[in-house]
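Note: the block below is input.cif and it holds mmCIF, all heavy atoms.
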```cif
data_start
#
loop_
_atom_site.label_atom_id
_atom_site.label_comp_id
_atom_site.auth_asym_id
_atom_site.auth_seq_id
_atom_site.Cartn_x
_atom_site.Cartn_y
_atom_site.Cartn_z
N MET A 1 0.85 -1.17 0.00
CA MET A 1 0.00 0.00 0.00
C MET A 1 0.89 1.24 0.00
O MET A 1 1.88 1.31 0.72
CB MET A 1 -0.90 -0.02 1.24
CG MET A 1 -1.95 1.03 1.19
SD MET A 1 -3.34 0.71 2.27
CE MET A 1 -2.67 1.18 3.85
N SER A 2 0.53 2.23 -0.80
CA SER A 2 1.35 3.42 -0.91
C SER A 2 1.05 4.41 0.22
O SER A 2 -0.03 4.41 0.79
CB SER A 2 1.12 4.10 -2.25
OG SER A 2 -0.21 4.53 -2.34
N GLU A 3 2.03 5.26 0.49
CA GLU A 3 1.87 6.29 1.51
C GLU A 3 1.02 7.43 0.98
O GLU A 3 1.04 7.73 -0.21
CB GLU A 3 3.24 6.86 1.89
CG GLU A 3 3.87 6.18 3.04
CD GLU A 3 5.14 6.91 3.46
OE1 GLU A 3 5.11 8.14 3.65
OE2 GLU A 3 6.16 6.23 3.58
N LEU A 4 0.30 8.07 1.87
CA LEU A 4 -0.44 9.27 1.49
C LEU A 4 0.52 10.44 1.45
O LEU A 4 1.44 10.53 2.27
CB LEU A 4 -1.55 9.56 2.50
CG LEU A 4 -2.67 8.54 2.58
CD1 LEU A 4 -3.60 8.89 3.74
CD2 LEU A 4 -3.44 8.51 1.29
N PRO A 5 0.33 11.38 0.53
CA PRO A 5 1.23 12.53 0.48
C PRO A 5 0.99 13.45 1.68
O PRO A 5 -0.13 13.58 2.14
CB PRO A 5 0.85 13.23 -0.82
CG PRO A 5 -0.55 12.82 -1.07
CD PRO A 5 -0.68 11.44 -0.50
N PRO A 6 2.05 14.07 2.19
CA PRO A 6 1.86 15.01 3.30
C PRO A 6 1.11 16.25 2.82
O PRO A 6 1.31 16.71 1.69
CB PRO A 6 3.28 15.36 3.73
CG PRO A 6 4.13 15.04 2.55
CD PRO A 6 3.44 13.94 1.79
N ILE A 7 0.23 16.77 3.67
CA ILE A 7 -0.49 17.99 3.34
C ILE A 7 -0.33 18.98 4.49
O ILE A 7 -0.16 18.59 5.64
CB ILE A 7 -1.98 17.75 3.02
CG1 ILE A 7 -2.69 17.09 4.20
CG2 ILE A 7 -2.14 16.92 1.77
CD1 ILE A 7 -4.18 16.99 4.00
N ALA A 8 -0.40 20.24 4.16
CA ALA A 8 -0.23 21.29 5.16
C ALA A 8 -1.48 21.43 6.02
O ALA A 8 -2.59 21.10 5.59
CB ALA A 8 0.07 22.61 4.47
N GLY A 9 -1.30 21.94 7.22
CA GLY A 9 -2.42 22.17 8.12
C GLY A 9 -3.45 23.10 7.52
O GLY A 9 -4.65 22.95 7.72
N ARG A 10 -2.98 24.09 6.77
CA ARG A 10 -3.90 25.04 6.12
C ARG A 10 -4.84 24.34 5.15
O ARG A 10 -6.00 24.69 5.04
CB ARG A 10 -3.12 26.12 5.39
CG ARG A 10 -2.37 27.05 6.30
CD ARG A 10 -1.53 28.04 5.51
NE ARG A 10 -0.54 28.68 6.35
CZ ARG A 10 -0.70 29.88 6.88
NH1 ARG A 10 -1.78 30.56 6.63
NH2 ARG A 10 0.22 30.39 7.65
N GLN A 11 -4.33 23.33 4.45
CA GLN A 11 -5.16 22.57 3.51
C GLN A 11 -6.21 21.75 4.26
O GLN A 11 -7.34 21.64 3.83
CB GLN A 11 -4.30 21.65 2.65
CG GLN A 11 -3.41 22.39 1.67
CD GLN A 11 -2.48 21.45 0.96
OE1 GLN A 11 -1.78 20.66 1.59
NE2 GLN A 11 -2.46 21.54 -0.36
N VAL A 12 -5.82 21.19 5.40
CA VAL A 12 -6.75 20.42 6.21
C VAL A 12 -7.85 21.33 6.75
O VAL A 12 -9.04 20.99 6.70
CB VAL A 12 -6.02 19.71 7.38
CG1 VAL A 12 -7.02 19.01 8.29
CG2 VAL A 12 -5.00 18.74 6.85
N VAL A 13 -7.47 22.52 7.23
CA VAL A 13 -8.44 23.49 7.75
C VAL A 13 -9.44 23.87 6.67
O VAL A 13 -10.65 23.91 6.90
CB VAL A 13 -7.70 24.73 8.30
CG1 VAL A 13 -8.66 25.86 8.58
CG2 VAL A 13 -6.92 24.36 9.55
N LYS A 14 -8.95 24.13 5.47
CA LYS A 14 -9.81 24.50 4.35
C LYS A 14 -10.78 23.36 4.00
O LYS A 14 -11.97 23.58 3.79
CB LYS A 14 -8.95 24.87 3.14
CG LYS A 14 -9.70 25.46 2.00
CD LYS A 14 -8.74 25.91 0.91
CE LYS A 14 -9.49 26.54 -0.24
NZ LYS A 14 -8.57 26.97 -1.31
N ALA A 15 -10.28 22.13 3.96
CA ALA A 15 -11.11 20.98 3.63
C ALA A 15 -12.18 20.74 4.69
O ALA A 15 -13.34 20.45 4.37
CB ALA A 15 -10.25 19.74 3.45
N LEU A 16 -11.81 20.86 5.97
CA LEU A 16 -12.79 20.66 7.04
C LEU A 16 -13.88 21.72 6.98
O LEU A 16 -15.06 21.43 7.22
CB LEU A 16 -12.10 20.69 8.42
CG LEU A 16 -11.24 19.48 8.76
CD1 LEU A 16 -10.52 19.71 10.09
CD2 LEU A 16 -12.06 18.21 8.82
N GLY A 17 -13.51 22.95 6.64
CA GLY A 17 -14.49 24.03 6.49
C GLY A 17 -15.49 23.74 5.37
O GLY A 17 -16.67 24.02 5.50
N LYS A 18 -15.01 23.16 4.29
CA LYS A 18 -15.87 22.85 3.16
C LYS A 18 -16.91 21.78 3.48
O LYS A 18 -17.99 21.78 2.90
CB LYS A 18 -15.04 22.40 1.96
CG LYS A 18 -14.34 23.52 1.24
CD LYS A 18 -13.63 23.02 0.01
CE LYS A 18 -12.97 24.15 -0.73
NZ LYS A 18 -12.27 23.68 -1.95
N ILE A 19 -16.59 20.88 4.41
CA ILE A 19 -17.54 19.82 4.73
C ILE A 19 -18.35 20.10 6.00
O ILE A 19 -19.03 19.23 6.51
CB ILE A 19 -16.85 18.44 4.83
CG1 ILE A 19 -15.78 18.41 5.92
CG2 ILE A 19 -16.28 18.04 3.49
CD1 ILE A 19 -15.20 17.04 6.18
N GLY A 20 -18.24 21.34 6.50
CA GLY A 20 -19.13 21.76 7.57
C GLY A 20 -18.55 21.85 8.96
O GLY A 20 -19.28 22.11 9.91
N TYR A 21 -17.26 21.63 9.12
CA TYR A 21 -16.65 21.76 10.45
C TYR A 21 -16.25 23.20 10.70
O TYR A 21 -15.82 23.90 9.79
CB TYR A 21 -15.43 20.84 10.58
CG TYR A 21 -15.82 19.40 10.76
CD1 TYR A 21 -16.03 18.57 9.67
CD2 TYR A 21 -16.01 18.88 12.03
CE1 TYR A 21 -16.42 17.26 9.84
CE2 TYR A 21 -16.40 17.56 12.21
CZ TYR A 21 -16.60 16.76 11.11
OH TYR A 21 -16.99 15.47 11.28
N GLU A 22 -16.39 23.65 11.94
CA GLU A 22 -16.07 25.02 12.32
C GLU A 22 -15.05 25.01 13.45
O GLU A 22 -15.02 24.09 14.26
CB GLU A 22 -17.33 25.75 12.78
CG GLU A 22 -18.36 25.91 11.69
CD GLU A 22 -19.61 26.62 12.17
OE1 GLU A 22 -19.75 26.81 13.40
OE2 GLU A 22 -20.42 26.97 11.32
N LEU A 23 -14.26 26.07 13.52
CA LEU A 23 -13.25 26.21 14.56
C LEU A 23 -13.94 26.38 15.91
O LEU A 23 -14.75 27.27 16.09
CB LEU A 23 -12.35 27.41 14.27
CG LEU A 23 -11.25 27.71 15.27
CD1 LEU A 23 -10.24 26.57 15.32
CD2 LEU A 23 -10.57 29.01 14.94
N ASP A 24 -13.64 25.49 16.85
CA ASP A 24 -14.19 25.59 18.21
C ASP A 24 -13.28 26.44 19.08
O ASP A 24 -13.72 27.34 19.77
CB ASP A 24 -14.34 24.22 18.84
CG ASP A 24 -15.56 23.47 18.36
OD1 ASP A 24 -16.49 24.12 17.85
OD2 ASP A 24 -15.58 22.24 18.51
N ARG A 25 -11.99 26.12 19.05
CA ARG A 25 -11.03 26.86 19.88
C ARG A 25 -9.62 26.61 19.36
O ARG A 25 -9.38 25.71 18.58
CB ARG A 25 -11.14 26.45 21.34
CG ARG A 25 -10.88 24.97 21.60
CD ARG A 25 -11.23 24.61 23.04
NE ARG A 25 -11.15 23.18 23.27
CZ ARG A 25 -12.16 22.35 23.07
NH1 ARG A 25 -13.32 22.79 22.63
NH2 ARG A 25 -12.02 21.07 23.31
N GLN A 26 -8.70 27.44 19.82
CA GLN A 26 -7.31 27.32 19.43
C GLN A 26 -6.43 27.50 20.65
O GLN A 26 -6.68 28.37 21.48
CB GLN A 26 -6.95 28.36 18.37
CG GLN A 26 -5.51 28.28 17.93
CD GLN A 26 -5.19 29.22 16.79
OE1 GLN A 26 -6.07 29.76 16.16
NE2 GLN A 26 -3.91 29.40 16.52
N ARG A 27 -5.41 26.69 20.75
CA ARG A 27 -4.42 26.82 21.83
C ARG A 27 -3.04 26.66 21.20
O ARG A 27 -2.68 25.57 20.75
CB ARG A 27 -4.65 25.76 22.89
CG ARG A 27 -3.70 25.90 24.05
CD ARG A 27 -4.09 25.03 25.20
NE ARG A 27 -3.15 25.27 26.30
CZ ARG A 27 -3.28 24.76 27.48
NH1 ARG A 27 -4.31 23.99 27.74
NH2 ARG A 27 -2.40 25.01 28.41
N GLY A 28 -2.33 27.75 21.12
CA GLY A 28 -1.02 27.72 20.46
C GLY A 28 -1.20 27.46 18.98
O GLY A 28 -1.95 28.15 18.31
N SER A 29 -0.51 26.44 18.48
CA SER A 29 -0.59 26.13 17.06
C SER A 29 -1.62 25.04 16.76
O SER A 29 -1.72 24.58 15.62
CB SER A 29 0.78 25.69 16.55
OG SER A 29 1.19 24.51 17.20
N HIS A 30 -2.37 24.61 17.75
CA HIS A 30 -3.37 23.55 17.56
C HIS A 30 -4.77 24.15 17.50
O HIS A 30 -5.16 24.91 18.39
CB HIS A 30 -3.29 22.52 18.68
CG HIS A 30 -2.06 21.68 18.62
ND1 HIS A 30 -0.84 22.14 19.02
CD2 HIS A 30 -1.87 20.41 18.19
CE1 HIS A 30 0.06 21.18 18.84
NE2 HIS A 30 -0.53 20.14 18.34
N ARG A 31 -5.51 23.78 16.47
CA ARG A 31 -6.88 24.25 16.31
C ARG A 31 -7.82 23.06 16.44
O ARG A 31 -7.56 21.99 15.89
CB ARG A 31 -7.07 24.89 14.94
CG ARG A 31 -6.29 26.16 14.79
CD ARG A 31 -6.55 26.79 13.46
NE ARG A 31 -5.86 28.08 13.39
CZ ARG A 31 -6.05 28.95 12.42
NH1 ARG A 31 -6.87 28.69 11.44
NH2 ARG A 31 -5.39 30.08 12.43
N LYS A 32 -8.90 23.24 17.19
CA LYS A 32 -9.89 22.18 17.37
C LYS A 32 -11.16 22.54 16.62
O LYS A 32 -11.68 23.64 16.77
CB LYS A 32 -10.18 21.96 18.85
CG LYS A 32 -8.99 21.42 19.57
CD LYS A 32 -9.33 20.91 20.93
CE LYS A 32 -8.09 20.30 21.56
NZ LYS A 32 -8.41 19.47 22.68
N PHE A 33 -11.64 21.59 15.85
CA PHE A 33 -12.82 21.80 15.02
C PHE A 33 -13.93 20.86 15.46
O PHE A 33 -13.69 19.74 15.90
CB PHE A 33 -12.50 21.52 13.55
CG PHE A 33 -11.56 22.51 12.95
CD1 PHE A 33 -10.20 22.38 13.09
CD2 PHE A 33 -12.06 23.60 12.27
CE1 PHE A 33 -9.33 23.31 12.56
CE2 PHE A 33 -11.20 24.54 11.73
CZ PHE A 33 -9.83 24.39 11.88
N GLY A 34 -15.16 21.34 15.33
CA GLY A 34 -16.32 20.53 15.64
C GLY A 34 -17.42 20.82 14.64
O GLY A 34 -17.33 21.72 13.82
N SER A 35 -18.47 20.01 14.72
CA SER A 35 -19.59 20.16 13.80
C SER A 35 -20.88 20.06 14.58
O SER A 35 -20.99 19.28 15.53
CB SER A 35 -19.54 19.06 12.74
OG SER A 35 -20.67 19.12 11.92
N GLU A 36 -21.87 20.87 14.21
CA GLU A 36 -23.17 20.82 14.89
C GLU A 36 -24.01 19.64 14.42
O GLU A 36 -24.87 19.18 15.13
CB GLU A 36 -23.93 22.12 14.65
CG GLU A 36 -23.31 23.30 15.37
CD GLU A 36 -24.14 24.56 15.23
OE1 GLU A 36 -25.28 24.47 14.75
OE2 GLU A 36 -23.63 25.62 15.60
N THR A 37 -23.75 19.17 13.21
CA THR A 37 -24.51 18.04 12.68
C THR A 37 -23.93 16.74 13.21
O THR A 37 -22.71 16.60 13.30
CB THR A 37 -24.50 18.03 11.14
OG1 THR A 37 -23.14 17.97 10.70
CG2 THR A 37 -25.15 19.26 10.57
N PRO A 38 -24.78 15.78 13.57
CA PRO A 38 -24.27 14.51 14.07
C PRO A 38 -23.50 13.77 12.96
O PRO A 38 -23.93 13.73 11.82
CB PRO A 38 -25.52 13.73 14.45
CG PRO A 38 -26.66 14.66 14.32
CD PRO A 38 -26.22 15.85 13.56
N SER A 39 -22.35 13.25 13.31
CA SER A 39 -21.56 12.49 12.35
C SER A 39 -20.75 11.45 13.11
O SER A 39 -20.78 11.37 14.33
CB SER A 39 -20.64 13.42 11.57
OG SER A 39 -19.68 14.00 12.43
N PHE A 40 -19.99 10.68 12.37
CA PHE A 40 -19.17 9.64 12.97
C PHE A 40 -18.09 10.26 13.86
O PHE A 40 -17.77 9.75 14.91
CB PHE A 40 -18.54 8.78 11.87
CG PHE A 40 -17.71 7.64 12.39
CD1 PHE A 40 -18.32 6.55 12.99
CD2 PHE A 40 -16.35 7.68 12.30
CE1 PHE A 40 -17.56 5.50 13.47
CE2 PHE A 40 -15.58 6.64 12.79
CZ PHE A 40 -16.19 5.54 13.37
N TYR A 41 -17.51 11.39 13.43
CA TYR A 41 -16.47 12.08 14.19
C TYR A 41 -17.05 13.30 14.87
O TYR A 41 -17.73 14.10 14.25
CB TYR A 41 -15.33 12.52 13.27
CG TYR A 41 -14.60 11.37 12.62
CD1 TYR A 41 -14.78 11.08 11.28
CD2 TYR A 41 -13.75 10.57 13.36
CE1 TYR A 41 -14.10 10.03 10.69
CE2 TYR A 41 -13.09 9.51 12.79
CZ TYR A 41 -13.27 9.25 11.45
OH TYR A 41 -12.61 8.20 10.88
N ASP A 42 -16.80 13.45 16.16
CA ASP A 42 -17.27 14.62 16.89
C ASP A 42 -16.41 15.85 16.62
O ASP A 42 -16.89 16.96 16.63
CB ASP A 42 -17.28 14.34 18.40
CG ASP A 42 -18.37 13.36 18.79
OD1 ASP A 42 -19.35 13.26 18.06
OD2 ASP A 42 -18.20 12.71 19.81
N GLY A 43 -15.11 15.64 16.41
CA GLY A 43 -14.23 16.77 16.18
C GLY A 43 -12.84 16.34 15.78
O GLY A 43 -12.51 15.16 15.81
N PHE A 44 -12.04 17.33 15.41
CA PHE A 44 -10.67 17.07 14.97
C PHE A 44 -9.74 18.10 15.60
O PHE A 44 -10.13 19.24 15.83
CB PHE A 44 -10.56 17.25 13.44
CG PHE A 44 -11.33 16.23 12.66
CD1 PHE A 44 -12.61 16.51 12.24
CD2 PHE A 44 -10.76 15.02 12.34
CE1 PHE A 44 -13.34 15.59 11.50
CE2 PHE A 44 -11.47 14.09 11.61
CZ PHE A 44 -12.76 14.38 11.18
N THR A 45 -8.50 17.70 15.83
CA THR A 45 -7.45 18.63 16.23
C THR A 45 -6.44 18.69 15.10
O THR A 45 -5.98 17.64 14.62
CB THR A 45 -6.77 18.18 17.53
OG1 THR A 45 -7.74 18.08 18.55
CG2 THR A 45 -5.68 19.14 17.94
N VAL A 46 -6.08 19.89 14.67
CA VAL A 46 -5.15 20.08 13.56
C VAL A 46 -4.01 20.97 14.02
O VAL A 46 -4.25 22.03 14.59
CB VAL A 46 -5.86 20.75 12.35
CG1 VAL A 46 -4.88 21.02 11.23
CG2 VAL A 46 -7.03 19.91 11.87
N LYS A 47 -2.77 20.52 13.79
CA LYS A 47 -1.61 21.38 14.07
C LYS A 47 -1.45 22.31 12.90
O LYS A 47 -1.25 21.89 11.78
CB LYS A 47 -0.34 20.56 14.26
CG LYS A 47 0.82 21.43 14.67
CD LYS A 47 1.98 20.62 15.11
CE LYS A 47 2.99 21.52 15.75
NZ LYS A 47 4.13 21.83 14.99
N TYR A 48 -1.62 23.60 13.15
CA TYR A 48 -1.68 24.60 12.09
C TYR A 48 -0.34 25.25 11.89
O TYR A 48 0.35 25.62 12.74
CB TYR A 48 -2.74 25.64 12.46
CG TYR A 48 -3.10 26.58 11.35
CD1 TYR A 48 -3.85 26.15 10.28
CD2 TYR A 48 -2.69 27.90 11.39
CE1 TYR A 48 -4.21 26.99 9.27
CE2 TYR A 48 -3.04 28.76 10.39
CZ TYR A 48 -3.80 28.30 9.32
OH TYR A 48 -4.15 29.16 8.32
#
```

Take the structure I supplied and represent it as structure tokens, if you would.
Amino acid sequence: MSELPPIAGRQVVKALGKIGYELDRQRGSHRKFGSETPSFYDGFTVKY
């Protein structure tokens, strides 16, 4: 199985925004995202 290419935190933030996740809070370089709609994942932490 091949490795996934590395992507920047900014790209992850942009992609999460497109699918409905919003920034909940930030501490240092880590941003936490959540969604109001019920889904399999409650939230994500991204090193920005």

- [ ] Identify all residues satisfying the PyMOL selection byres ((chain A and resi 4-19) around 4) in the given file; provide them as a ChimeraX atom specification.
- [x] /A:2-3,20-21,33,44,46-48

Open item on the list: Considering only strand (DSSP E) as DSSP defines it on the backbone, what residues of segment 3-46 of chain A qualify? List them as number ranges by chain.
Closed with: A: 22-27, 30-34, 43-46

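Of the residues in chain A, those that DSSP places in alpha helix (DSSP H) on the basis of the backbone are Gly9, Arg10, Gln11, Val12, Val13, Lys14, Ala15, Leu16, Gly17 and Lys18 of chain A.
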
Selection above as a file: all heavy atoms, as a compact mmCIF listing (two decimals), in the coordinates of the input:
```txt
# COMPACT_ATOMS: atom_id res chain seq x y z
N GLY A 9 -1.30 21.94 7.22
CA GLY A 9 -2.42 22.17 8.12
C GLY A 9 -3.45 23.10 7.52
O GLY A 9 -4.65 22.95 7.72
N ARG A 10 -2.98 24.09 6.77
CA ARG A 10 -3.90 25.04 6.12
C ARG A 10 -4.84 24.34 5.15
O ARG A 10 -6.00 24.69 5.04
CB ARG A 10 -3.12 26.12 5.39
CG ARG A 10 -2.37 27.05 6.30
CD ARG A 10 -1.53 28.04 5.51
NE ARG A 10 -0.54 28.68 6.35
CZ ARG A 10 -0.70 29.88 6.88
NH1 ARG A 10 -1.78 30.56 6.63
NH2 ARG A 10 0.22 30.39 7.65
N GLN A 11 -4.33 23.33 4.45
CA GLN A 11 -5.16 22.57 3.51
C GLN A 11 -6.21 21.75 4.26
O GLN A 11 -7.34 21.64 3.83
CB GLN A 11 -4.30 21.65 2.65
CG GLN A 11 -3.41 22.39 1.67
CD GLN A 11 -2.48 21.45 0.96
OE1 GLN A 11 -1.78 20.66 1.59
NE2 GLN A 11 -2.46 21.54 -0.36
N VAL A 12 -5.82 21.19 5.40
CA VAL A 12 -6.75 20.42 6.21
C VAL A 12 -7.85 21.33 6.75
O VAL A 12 -9.04 20.99 6.70
CB VAL A 12 -6.02 19.71 7.38
CG1 VAL A 12 -7.02 19.01 8.29
CG2 VAL A 12 -5.00 18.74 6.85
N VAL A 13 -7.47 22.52 7.23
CA VAL A 13 -8.44 23.49 7.75
C VAL A 13 -9.44 23.87 6.67
O VAL A 13 -10.65 23.91 6.90
CB VAL A 13 -7.70 24.73 8.30
CG1 VAL A 13 -8.66 25.86 8.58
CG2 VAL A 13 -6.92 24.36 9.55
N LYS A 14 -8.95 24.13 5.47
CA LYS A 14 -9.81 24.50 4.35
C LYS A 14 -10.78 23.36 4.00
O LYS A 14 -11.97 23.58 3.79
CB LYS A 14 -8.95 24.87 3.14
CG LYS A 14 -9.70 25.46 2.00
CD LYS A 14 -8.74 25.91 0.91
CE LYS A 14 -9.49 26.54 -0.24
NZ LYS A 14 -8.57 26.97 -1.31
N ALA A 15 -10.28 22.13 3.96
CA ALA A 15 -11.11 20.98 3.63
C ALA A 15 -12.18 20.74 4.69
O ALA A 15 -13.34 20.45 4.37
CB ALA A 15 -10.25 19.74 3.45
N LEU A 16 -11.81 20.86 5.97
CA LEU A 16 -12.79 20.66 7.04
C LEU A 16 -13.88 21.72 6.98
O LEU A 16 -15.06 21.43 7.22
CB LEU A 16 -12.10 20.69 8.42
CG LEU A 16 -11.24 19.48 8.76
CD1 LEU A 16 -10.52 19.71 10.09
CD2 LEU A 16 -12.06 18.21 8.82
N GLY A 17 -13.51 22.95 6.64
CA GLY A 17 -14.49 24.03 6.49
C GLY A 17 -15.49 23.74 5.37
O GLY A 17 -16.67 24.02 5.50
N LYS A 18 -15.01 23.16 4.29
CA LYS A 18 -15.87 22.85 3.16
C LYS A 18 -16.91 21.78 3.48
O LYS A 18 -17.99 21.78 2.90
CB LYS A 18 -15.04 22.40 1.96
CG LYS A 18 -14.34 23.52 1.24
CD LYS A 18 -13.63 23.02 0.01
CE LYS A 18 -12.97 24.15 -0.73
NZ LYS A 18 -12.27 23.68 -1.95
```

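Our summary of the geometry notes that atom O of Gly28 of chain A is positioned 16.3 Å from atom C of Gly43 of chain A.
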